[in-house]
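Raw model.txt, compact mmCIF, C-alpha atoms and all ligand atoms:
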# COMPACT_ATOMS: atom_id res chain seq x y z
CA MET A 110 105.03 44.12 10.32
CA THR A 111 107.93 43.68 7.94
CA HIS A 112 108.66 45.45 4.69
CA THR A 113 107.54 44.24 1.29
CA ASP A 114 108.87 44.30 -2.25
CA GLY A 115 109.93 47.62 -3.77
CA ASN A 116 107.91 46.73 -6.87
CA LEU A 117 104.82 47.62 -4.82
CA LEU A 118 105.76 51.22 -5.69
CA ALA A 119 105.43 50.70 -9.43
CA GLY A 120 101.66 51.17 -9.78
CA PRO A 121 101.25 54.23 -7.53
CA LEU A 122 104.32 55.97 -9.02
CA ARG A 123 103.07 55.34 -12.53
CA ALA A 124 99.61 56.65 -11.56
CA ILE A 125 101.12 59.89 -10.25
CA LEU A 126 104.04 60.52 -12.60
CA GLY A 127 103.11 58.52 -15.68
CA VAL A 128 106.49 56.80 -15.89
CA ASP A 129 107.92 53.58 -14.52
CA LEU A 130 110.39 54.67 -11.87
CA THR A 131 111.18 51.29 -10.36
CA THR A 132 114.19 50.76 -12.63
CA ALA A 133 115.39 54.34 -12.04
CA GLN A 134 118.45 54.84 -9.85
CA GLY A 135 117.81 56.75 -6.65
CA THR A 136 120.39 58.39 -4.39
CA CYS A 137 119.66 58.39 -0.66
CA ASP A 138 119.72 61.80 1.00
CA GLY A 139 120.71 60.15 4.29
CA CYS A 140 123.78 58.07 3.42
CA GLY A 141 124.44 58.66 -0.28
CA ALA A 142 123.79 55.05 -1.28
CA ARG A 143 122.62 54.65 -4.87
CA GLY A 144 120.44 51.88 -6.25
CA PRO A 145 117.26 51.01 -8.11
CA ILE A 146 114.08 52.39 -6.54
CA ALA A 147 112.72 48.82 -6.62
CA SER A 148 115.39 47.76 -4.12
CA ALA A 149 113.92 50.05 -1.45
CA LEU A 150 112.35 48.53 1.67
CA VAL A 151 108.65 49.31 1.39
CA TYR A 152 106.22 49.55 4.33
CA GLY A 153 102.47 49.90 3.93
CA PRO A 154 100.37 50.25 1.85
CA GLU A 155 98.31 51.68 4.74
CA PRO A 156 98.20 54.36 5.97
CA GLY A 157 100.69 55.16 3.19
CA LEU A 158 103.56 53.63 1.24
CA VAL A 159 106.92 54.36 2.85
CA ALA A 160 110.08 53.40 0.96
CA ARG A 161 113.27 53.23 2.99
CA CYS A 162 116.94 53.05 2.02
CA PRO A 163 118.20 49.44 2.27
CA SER A 164 121.54 50.77 3.61
CA CYS A 165 120.48 53.26 6.31
CA GLU A 166 116.64 52.97 6.61
CA ASN A 167 116.22 56.68 5.81
CA VAL A 168 112.80 57.43 4.30
CA LEU A 169 113.35 57.81 0.53
CA LEU A 170 109.81 58.47 -0.56
CA ARG A 171 106.23 58.38 0.69
CA ILE A 172 102.95 58.01 -1.15
CA VAL A 173 99.50 58.57 0.31
CA GLN A 174 96.62 57.70 -1.98
CA THR A 175 92.87 58.17 -1.77
CA ALA A 176 90.21 57.36 -4.36
CA ASP A 177 90.71 60.73 -6.05
CA ARG A 178 94.01 62.21 -4.78
CA ALA A 179 97.60 61.24 -4.15
CA TRP A 180 100.52 62.84 -2.34
CA LEU A 181 104.12 62.06 -3.22
CA ASP A 182 107.06 63.06 -1.04
CA LEU A 183 110.53 62.56 -2.51
CA ARG A 184 112.49 64.49 0.12
CA GLY A 185 114.69 61.52 0.99
CA LEU A 186 116.12 61.24 -2.51
CA THR A 187 118.78 63.72 -3.62
CA SER A 188 118.38 62.56 -7.21
CA ILE A 189 116.60 60.10 -9.46
CA GLU A 190 118.42 58.96 -12.56
CA VAL A 191 116.11 57.86 -15.36
CA ALA A 192 117.26 56.17 -18.57
CA LEU A 193 115.82 57.91 -21.64
CA ALA A 194 114.91 55.81 -24.64
CA MET B 12 66.85 54.24 31.11
CA ALA B 13 65.48 55.65 27.90
CA ILE B 14 66.47 53.97 24.70
CA VAL B 15 67.35 56.53 22.08
CA ALA B 16 67.37 55.47 18.47
CA ARG B 17 69.74 57.52 16.37
CA GLY B 18 72.21 57.20 13.55
CA PHE B 19 69.59 55.56 11.37
CA THR B 20 70.85 55.28 7.81
CA GLY B 21 69.55 53.84 4.57
CA ARG B 22 71.60 50.69 5.10
CA GLY B 23 70.38 50.09 8.62
CA ARG B 24 71.21 51.42 12.03
CA SER B 25 74.82 52.41 12.53
CA ASP B 26 76.55 52.00 15.86
CA PRO B 27 76.40 55.35 17.74
CA ALA B 28 79.86 54.59 19.14
CA LEU B 29 81.33 54.52 15.65
CA PRO B 30 82.40 57.75 13.94
CA PRO B 31 81.28 58.20 10.31
CA GLY B 32 82.88 55.85 7.80
CA GLN B 33 84.33 53.48 10.44
CA TYR B 34 83.72 49.75 10.87
CA LEU B 35 84.05 47.71 14.03
CA THR B 36 86.91 45.28 14.53
CA GLN B 37 87.68 42.96 17.44
CA ASP B 38 91.38 42.45 16.72
CA PHE B 39 94.10 45.08 16.90
CA PRO B 40 95.70 45.59 13.47
CA VAL B 41 99.31 46.77 13.35
CA LEU B 42 100.28 49.35 10.72
CA SER B 43 103.83 50.51 10.39
CA ALA B 44 105.90 52.97 8.42
CA GLY B 45 109.22 51.38 9.26
CA PRO B 46 111.04 48.72 11.24
CA THR B 47 109.71 48.19 14.79
CA PRO B 48 112.13 49.78 17.28
CA ARG B 49 113.16 47.54 20.18
CA ILE B 50 113.86 49.89 23.07
CA ASP B 51 115.18 48.40 26.28
CA THR B 52 113.66 50.18 29.28
CA SER B 53 117.18 50.58 30.74
CA ARG B 54 117.95 53.08 27.99
CA TRP B 55 114.45 54.47 27.53
CA GLN B 56 114.00 58.14 28.25
CA PHE B 57 111.16 60.59 27.76
CA THR B 58 112.08 64.23 27.25
CA LEU B 59 109.80 67.24 27.37
CA ALA B 60 111.17 70.45 25.87
CA THR B 61 109.54 73.86 26.04
CA GLU B 62 109.55 76.57 23.39
CA THR B 63 112.31 78.36 25.33
CA GLY B 64 114.59 75.30 25.28
CA GLU B 65 113.95 74.18 28.83
CA ARG B 66 114.16 70.39 29.02
CA GLN B 67 113.06 67.77 31.49
CA SER B 68 113.65 64.03 31.16
CA TRP B 69 112.28 60.93 32.84
CA THR B 70 113.94 57.54 33.00
CA TRP B 71 111.76 54.42 32.88
CA GLU B 72 111.84 54.14 36.69
CA GLN B 73 110.94 57.80 37.14
CA PHE B 74 108.14 57.42 34.59
CA LEU B 75 106.68 54.38 36.36
CA ALA B 76 106.81 56.23 39.69
CA LEU B 77 104.32 58.81 38.38
CA PRO B 78 100.64 58.26 39.18
CA SER B 79 99.05 56.25 36.39
CA GLU B 80 95.43 55.58 35.48
CA ASP B 81 93.52 52.61 34.09
CA VAL B 82 91.37 53.78 31.22
CA THR B 83 88.93 52.16 28.81
CA VAL B 84 88.82 53.96 25.48
CA ASP B 85 87.67 53.58 21.88
CA LEU B 86 90.31 53.64 19.13
CA HIS B 87 89.63 54.95 15.63
CA CYS B 88 92.17 54.31 12.88
CA VAL B 89 92.12 56.48 9.75
CA THR B 90 92.21 53.25 7.70
CA LYS B 91 88.60 52.88 8.89
CA TRP B 92 88.69 50.28 11.63
CA SER B 93 87.55 51.12 15.13
CA LYS B 94 88.16 49.12 18.27
CA LEU B 95 85.82 49.83 21.16
CA GLY B 96 86.48 49.46 24.87
CA SER B 97 90.24 48.87 24.87
CA HIS B 98 91.98 48.81 28.27
CA TRP B 99 95.15 50.77 28.91
CA THR B 100 97.31 51.91 31.80
CA GLY B 101 99.13 55.18 31.41
CA VAL B 102 100.32 58.40 32.95
CA PRO B 103 98.10 61.40 32.13
CA LEU B 104 99.95 64.18 30.32
CA GLU B 105 99.07 66.61 33.11
CA GLU B 106 101.72 64.84 35.19
CA PHE B 107 104.37 66.07 32.74
CA LEU B 108 102.89 69.36 31.59
CA GLY B 109 101.04 70.42 34.72
CA GLU B 110 103.59 72.70 36.39
CA LEU B 111 105.35 73.80 33.24
CA ASP B 112 105.77 77.46 32.49
CA THR B 113 104.81 77.63 28.83
CA SER B 114 102.71 79.69 26.47
CA ALA B 115 103.13 77.20 23.62
CA GLU B 116 99.93 76.12 21.91
CA TYR B 117 101.36 73.31 19.81
CA ALA B 118 103.14 70.05 20.49
CA SER B 119 105.39 67.99 18.25
CA VAL B 120 105.60 64.39 19.44
CA SER B 121 108.64 62.33 18.41
CA SER B 122 109.32 58.63 18.60
CA TYR B 123 112.18 56.18 18.66
CA GLY B 124 112.57 55.26 15.00
CA GLY B 125 112.02 58.82 13.78
CA TYR B 126 108.21 59.09 13.60
CA THR B 127 106.63 62.44 14.44
CA THR B 128 103.10 63.76 14.86
CA ASN B 129 101.63 67.11 15.92
CA LEU B 130 98.64 68.24 17.93
CA PRO B 131 97.48 71.23 19.96
CA VAL B 132 98.71 71.27 23.58
CA GLU B 133 95.12 71.54 24.82
CA ASP B 134 94.39 68.12 23.30
CA LEU B 135 97.04 66.66 25.59
CA LEU B 136 95.34 68.08 28.70
CA GLY B 137 91.99 67.68 30.42
CA GLY B 138 92.11 63.90 30.88
CA GLN B 139 92.26 63.25 27.12
CA ALA B 140 95.81 61.94 26.73
CA TRP B 141 98.16 59.49 28.40
CA ILE B 142 101.59 57.99 27.95
CA ALA B 143 100.52 54.37 28.08
CA HIS B 144 102.74 51.48 29.10
CA ARG B 145 100.22 48.66 29.55
CA TYR B 146 97.57 47.33 27.21
CA ASP B 147 94.91 44.81 28.24
CA GLY B 148 96.70 44.09 31.51
CA GLU B 149 100.08 43.34 29.94
CA ASP B 150 103.22 45.35 29.29
CA LEU B 151 102.90 47.10 25.96
CA THR B 152 104.60 45.06 23.21
CA PRO B 153 106.90 46.75 20.65
CA GLU B 154 104.36 46.02 17.88
CA HIS B 155 101.80 48.18 19.65
CA GLY B 156 104.29 50.90 20.57
CA GLY B 157 106.00 49.59 23.70
CA PRO B 158 107.65 50.24 25.98
CA ALA B 159 105.43 53.35 25.94
CA ARG B 160 103.21 55.18 23.48
CA LEU B 161 101.09 58.27 23.41
CA LEU B 162 97.35 57.58 23.73
CA VAL B 163 95.02 60.33 22.46
CA PRO B 164 91.88 58.34 21.62
CA HIS B 165 89.73 61.33 20.65
CA LEU B 166 91.89 61.78 17.52
CA TYR B 167 92.65 59.26 14.76
CA LEU B 168 95.14 56.68 15.98
CA TRP B 169 98.13 57.95 13.96
CA LYS B 170 98.26 60.82 16.52
CA SER B 171 98.84 58.25 19.30
CA ALA B 172 102.55 57.97 18.51
CA LYS B 173 104.09 54.57 19.22
CA TRP B 174 107.55 54.33 20.89
CA ILE B 175 107.27 57.85 22.28
CA ARG B 176 110.55 59.55 23.02
CA GLY B 177 109.75 63.20 23.48
CA ILE B 178 107.41 66.13 23.16
CA GLN B 179 108.57 69.52 21.91
CA LEU B 180 106.30 72.44 22.75
CA LEU B 181 106.07 75.02 19.99
CA ILE B 182 104.72 78.52 19.37
CA GLU B 183 104.03 77.58 15.75
CA ASP B 184 102.49 74.33 14.60
CA GLU B 185 104.81 71.82 12.94
CA PRO B 186 103.07 69.12 10.87
CA GLY B 187 104.40 65.60 11.50
CA PHE B 188 105.18 62.50 9.43
CA TRP B 189 101.70 61.79 8.02
CA GLU B 190 100.43 65.35 8.38
CA THR B 191 103.02 66.51 5.80
CA ALA B 192 101.97 63.79 3.34
CA GLY B 193 98.25 64.34 2.91
CA TYR B 194 96.76 63.35 6.26
CA HIS B 195 94.69 65.92 8.14
CA ASN B 196 96.51 68.24 10.48
CA TYR B 197 94.06 67.69 13.36
CA GLY B 198 92.37 64.34 12.65
CA ASP B 199 89.04 64.37 14.46
CA PRO B 200 87.28 61.06 13.64
CA TRP B 201 83.82 62.49 14.46
CA ARG B 202 84.29 65.14 11.77
CA GLU B 203 85.96 62.57 9.51
CA GLN B 204 89.11 64.67 9.13
CA ARG B 205 91.16 62.09 7.26
CA TYR B 206 92.97 64.11 4.60
CA TRP B 207 93.93 67.69 3.76
CA GLY B 208 90.82 69.73 3.13
CA ASP B 209 88.43 67.33 4.95
ZN ZN C 1 120.63 55.64 2.98

Hey, can you dump this file as structure tokens for me?
Ligand SMILES: [Zn+2]
Amino acid sequence: MTHTDGNLLAGPLRAILGVDLTTAQGTCDGCGARGPIASALVYGPEPGLVARCPSCENVLLRIVQTADRAWLDLRGLTSIEVALA
Amino acid sequence: MAIVARGFTGRGRSDPALPPGQYLTQDFPVLSAGPTPRIDTSRWQFTLATETGERQSWTWEQFLALPSEDVTVDLHCVTKWSKLGSHWTGVPLEEFLGELDTSAEYASVSSYGGYTTNLPVEDLLGGQAWIAHRYDGEDLTPEHGGPARLLVPHLYLWKSAKWIRGIQLLIEDEPGFWETAGYHNYGDPWREQRYWGD
């Protein structure tokens, strides 16, 4: 299986955090590369969404969703830069 | 032979071979959390490490020289498909763990590509677990975890780590890739242990 579009993250992230993070800039904890979250390589959606760094393939974030719960792991991102209106 | 009717539900009779909430599939879906590692058997190695730091490794040739078994098992994926009667060839874990001096109760399994999963050591023993290198009479393809994967069919399939590289024995349990992100720490399909708290 190959990865899919980083925009696949938009819905689940919005459901959990209430903001659109796909245009936010993420910094990879593995290699330091910085770029929009939407440029991540996304695997899934089952058994969970796994977003990897396009430079080093480090796992940036993971989302597991059920009908009534979700888990979000952001360990692979040292920071997320969000533009404030 | 007596015919026993059981598992009767409001929607009709369910297959007694299927754990709760599962449906039957004939194909073999591939789920992945990352790029598929391509590991040449010339550089493949399996390493077992004990809680005291003792390590033992097997090359591909040494691995193939161990006694292997042909087994027919049912697979249950947490995404709800089950595949019954799949044929595998693999080396039972007793061959690796049998003579080991360890008091560890937990195992952390790691894969080429960085995947990890955890399970109790006792679930690796007693003819319940294999390191499989053939599926349906053919060498195991990378998509299905080749050259070799763990096979623990009595737990949900995410515990059967593809592209196995090593097992670390531990005194304290160490939740793996999916187990740290909401999936159940043990994953018994018959008790429908899919997520935390199930
Ligand atoms: Zn990176």

Item checked: Separation of atom CA of Glu133 of chain B from atom CA of Asp85 of chain B in Å ->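 Computed distance, atom CA of Asp85 of chain B to atom CA of Glu133 of chain B, equals 19.7 Å.
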
Next item on the list: Compute the chain B side of the contact with chain A at 12 Å, counting all atoms listed in the file, and hand it back as a ChimeraX atom specification.
Entry: /B:40-48,88-92,124-126,153-155,167-169,188-195,205-208

Check: From the set A:Ser148, A:Gly135, A:Ala142, A:Ser164, which residue has the shortest atom-to-atom contact distance to Leu117 of chain A, counting only C-alpha atoms?
Finding: A:Ser148

Item checked: Close residues to ligand ZN 1 (chain C) using only C-alpha atoms and all ligand atoms, limit 10 Å, as a PyMOL selection string -> chain A and resi 136-144+149+161-169+185-186

Check: So which residues touch Asp38 of chain B within 12 Å, counting all atoms listed in the file, skipping near sequence neighbours fewer than 5 positions away, as a PyMOL selection string?
Finding: chain B and resi 86+92-97

Segment 126-140 of chain A from the block above: all heavy atoms written as a PDB file, in the first residue's frame:
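Contents of selection_4.pdb, freshly written:
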ATOM      1  N   LEU A 126      -9.393  18.632  17.403  1.00  0.00           N
ATOM      2  CA  LEU A 126      -8.851  19.895  17.922  1.00  0.00           C
ATOM      3  C   LEU A 126      -9.720  21.111  17.628  1.00  0.00           C
ATOM      4  O   LEU A 126      -9.533  22.165  18.226  1.00  0.00           O
ATOM      5  CB  LEU A 126      -7.445  20.135  17.336  1.00  0.00           C
ATOM      6  CG  LEU A 126      -6.402  19.066  17.660  1.00  0.00           C
ATOM      7  CD1 LEU A 126      -5.128  19.315  16.864  1.00  0.00           C
ATOM      8  CD2 LEU A 126      -6.086  19.061  19.149  1.00  0.00           C
ATOM      9  N   GLY A 127     -10.614  20.975  16.660  1.00  0.00           N
ATOM     10  CA  GLY A 127     -11.493  22.092  16.337  1.00  0.00           C
ATOM     11  C   GLY A 127     -10.861  23.169  15.483  1.00  0.00           C
ATOM     12  O   GLY A 127     -11.447  24.225  15.284  1.00  0.00           O
ATOM     13  N   VAL A 128      -9.653  22.915  14.989  1.00  0.00           N
ATOM     14  CA  VAL A 128      -9.013  23.883  14.081  1.00  0.00           C
ATOM     15  C   VAL A 128      -8.489  23.150  12.856  1.00  0.00           C
ATOM     16  O   VAL A 128      -8.246  21.943  12.895  1.00  0.00           O
ATOM     17  CB  VAL A 128      -7.834  24.636  14.748  1.00  0.00           C
ATOM     18  CG1 VAL A 128      -8.332  25.580  15.830  1.00  0.00           C
ATOM     19  CG2 VAL A 128      -6.828  23.652  15.316  1.00  0.00           C
ATOM     20  N   ASP A 129      -8.311  23.895  11.776  1.00  0.00           N
ATOM     21  CA  ASP A 129      -7.729  23.309  10.575  1.00  0.00           C
ATOM     22  C   ASP A 129      -6.212  23.393  10.686  1.00  0.00           C
ATOM     23  O   ASP A 129      -5.637  24.477  10.671  1.00  0.00           O
ATOM     24  CB  ASP A 129      -8.211  24.065   9.331  1.00  0.00           C
ATOM     25  CG  ASP A 129      -7.633  23.455   8.056  1.00  0.00           C
ATOM     26  OD1 ASP A 129      -7.040  22.348   8.141  1.00  0.00           O
ATOM     27  OD2 ASP A 129      -7.772  24.070   6.998  1.00  0.00           O
ATOM     28  N   LEU A 130      -5.588  22.229  10.832  1.00  0.00           N
ATOM     29  CA  LEU A 130      -4.135  22.215  11.027  1.00  0.00           C
ATOM     30  C   LEU A 130      -3.366  21.917   9.747  1.00  0.00           C
ATOM     31  O   LEU A 130      -2.140  21.923   9.753  1.00  0.00           O
ATOM     32  CB  LEU A 130      -3.761  21.167  12.077  1.00  0.00           C
ATOM     33  CG  LEU A 130      -3.733  21.604  13.545  1.00  0.00           C
ATOM     34  CD1 LEU A 130      -3.111  20.504  14.388  1.00  0.00           C
ATOM     35  CD2 LEU A 130      -2.946  22.900  13.738  1.00  0.00           C
ATOM     36  N   THR A 131      -4.083  21.663   8.651  1.00  0.00           N
ATOM     37  CA  THR A 131      -3.353  21.209   7.463  1.00  0.00           C
ATOM     38  C   THR A 131      -2.457  22.297   6.881  1.00  0.00           C
ATOM     39  O   THR A 131      -1.442  22.004   6.263  1.00  0.00           O
ATOM     40  CB  THR A 131      -4.319  20.694   6.379  1.00  0.00           C
ATOM     41  OG1 THR A 131      -5.331  21.673   6.167  1.00  0.00           O
ATOM     42  CG2 THR A 131      -4.947  19.379   6.784  1.00  0.00           C
ATOM     43  N   THR A 132      -2.820  23.573   7.098  1.00  0.00           N
ATOM     44  CA  THR A 132      -1.961  24.651   6.589  1.00  0.00           C
ATOM     45  C   THR A 132      -0.894  25.047   7.613  1.00  0.00           C
ATOM     46  O   THR A 132      -0.008  25.840   7.319  1.00  0.00           O
ATOM     47  CB  THR A 132      -2.800  25.902   6.239  1.00  0.00           C
ATOM     48  OG1 THR A 132      -3.510  26.311   7.410  1.00  0.00           O
ATOM     49  CG2 THR A 132      -3.791  25.589   5.131  1.00  0.00           C
ATOM     50  N   ALA A 133      -0.988  24.491   8.829  1.00  0.00           N
ATOM     51  CA  ALA A 133       0.012  24.792   9.863  1.00  0.00           C
ATOM     52  C   ALA A 133       1.372  24.218   9.459  1.00  0.00           C
ATOM     53  O   ALA A 133       1.449  23.240   8.713  1.00  0.00           O
ATOM     54  CB  ALA A 133      -0.438  24.200  11.187  1.00  0.00           C
ATOM     55  N   GLN A 134       2.424  24.836   9.956  1.00  0.00           N
ATOM     56  CA  GLN A 134       3.778  24.377   9.667  1.00  0.00           C
ATOM     57  C   GLN A 134       4.242  23.449  10.788  1.00  0.00           C
ATOM     58  O   GLN A 134       4.237  23.834  11.956  1.00  0.00           O
ATOM     59  CB  GLN A 134       4.742  25.573   9.580  1.00  0.00           C
ATOM     60  CG  GLN A 134       4.412  26.581   8.489  1.00  0.00           C
ATOM     61  CD  GLN A 134       4.770  26.048   7.115  1.00  0.00           C
ATOM     62  OE1 GLN A 134       5.846  25.499   6.915  1.00  0.00           O
ATOM     63  NE2 GLN A 134       3.861  26.201   6.157  1.00  0.00           N
ATOM     64  N   GLY A 135       4.633  22.251  10.422  1.00  0.00           N
ATOM     65  CA  GLY A 135       5.123  21.311  11.428  1.00  0.00           C
ATOM     66  C   GLY A 135       6.623  21.130  11.303  1.00  0.00           C
ATOM     67  O   GLY A 135       7.170  21.198  10.198  1.00  0.00           O
ATOM     68  N   THR A 136       7.281  20.905  12.443  1.00  0.00           N
ATOM     69  CA  THR A 136       8.717  20.620  12.432  1.00  0.00           C
ATOM     70  C   THR A 136       8.939  19.181  12.884  1.00  0.00           C
ATOM     71  O   THR A 136       8.462  18.763  13.948  1.00  0.00           O
ATOM     72  CB  THR A 136       9.482  21.582  13.371  1.00  0.00           C
ATOM     73  OG1 THR A 136       9.199  22.925  12.969  1.00  0.00           O
ATOM     74  CG2 THR A 136      10.984  21.345  13.283  1.00  0.00           C
ATOM     75  N   CYS A 137       9.653  18.434  12.042  1.00  0.00           N
ATOM     76  CA  CYS A 137       9.891  17.008  12.297  1.00  0.00           C
ATOM     77  C   CYS A 137      10.888  16.817  13.434  1.00  0.00           C
ATOM     78  O   CYS A 137      11.963  17.414  13.438  1.00  0.00           O
ATOM     79  CB  CYS A 137      10.406  16.340  11.024  1.00  0.00           C
ATOM     80  SG  CYS A 137      10.948  14.638  11.275  1.00  0.00           S
ATOM     81  N   ASP A 138      10.512  15.960  14.378  1.00  0.00           N
ATOM     82  CA  ASP A 138      11.367  15.656  15.516  1.00  0.00           C
ATOM     83  C   ASP A 138      12.549  14.769  15.101  1.00  0.00           C
ATOM     84  O   ASP A 138      13.551  14.694  15.790  1.00  0.00           O
ATOM     85  CB  ASP A 138      10.510  14.927  16.570  1.00  0.00           C
ATOM     86  CG  ASP A 138      11.264  14.712  17.863  1.00  0.00           C
ATOM     87  OD1 ASP A 138      11.979  15.629  18.286  1.00  0.00           O
ATOM     88  OD2 ASP A 138      11.131  13.626  18.441  1.00  0.00           O
ATOM     89  N   GLY A 139      12.432  14.127  13.946  1.00  0.00           N
ATOM     90  CA  GLY A 139      13.496  13.233  13.493  1.00  0.00           C
ATOM     91  C   GLY A 139      14.622  13.953  12.788  1.00  0.00           C
ATOM     92  O   GLY A 139      15.793  13.761  13.110  1.00  0.00           O
ATOM     93  N   CYS A 140      14.280  14.828  11.820  1.00  0.00           N
ATOM     94  CA  CYS A 140      15.322  15.437  10.987  1.00  0.00           C
ATOM     95  C   CYS A 140      15.287  16.963  11.001  1.00  0.00           C
ATOM     96  O   CYS A 140      16.153  17.607  10.418  1.00  0.00           O
ATOM     97  CB  CYS A 140      15.208  14.941   9.547  1.00  0.00           C
ATOM     98  SG  CYS A 140      13.783  15.619   8.652  1.00  0.00           S
TER      99      CYS A 140
END
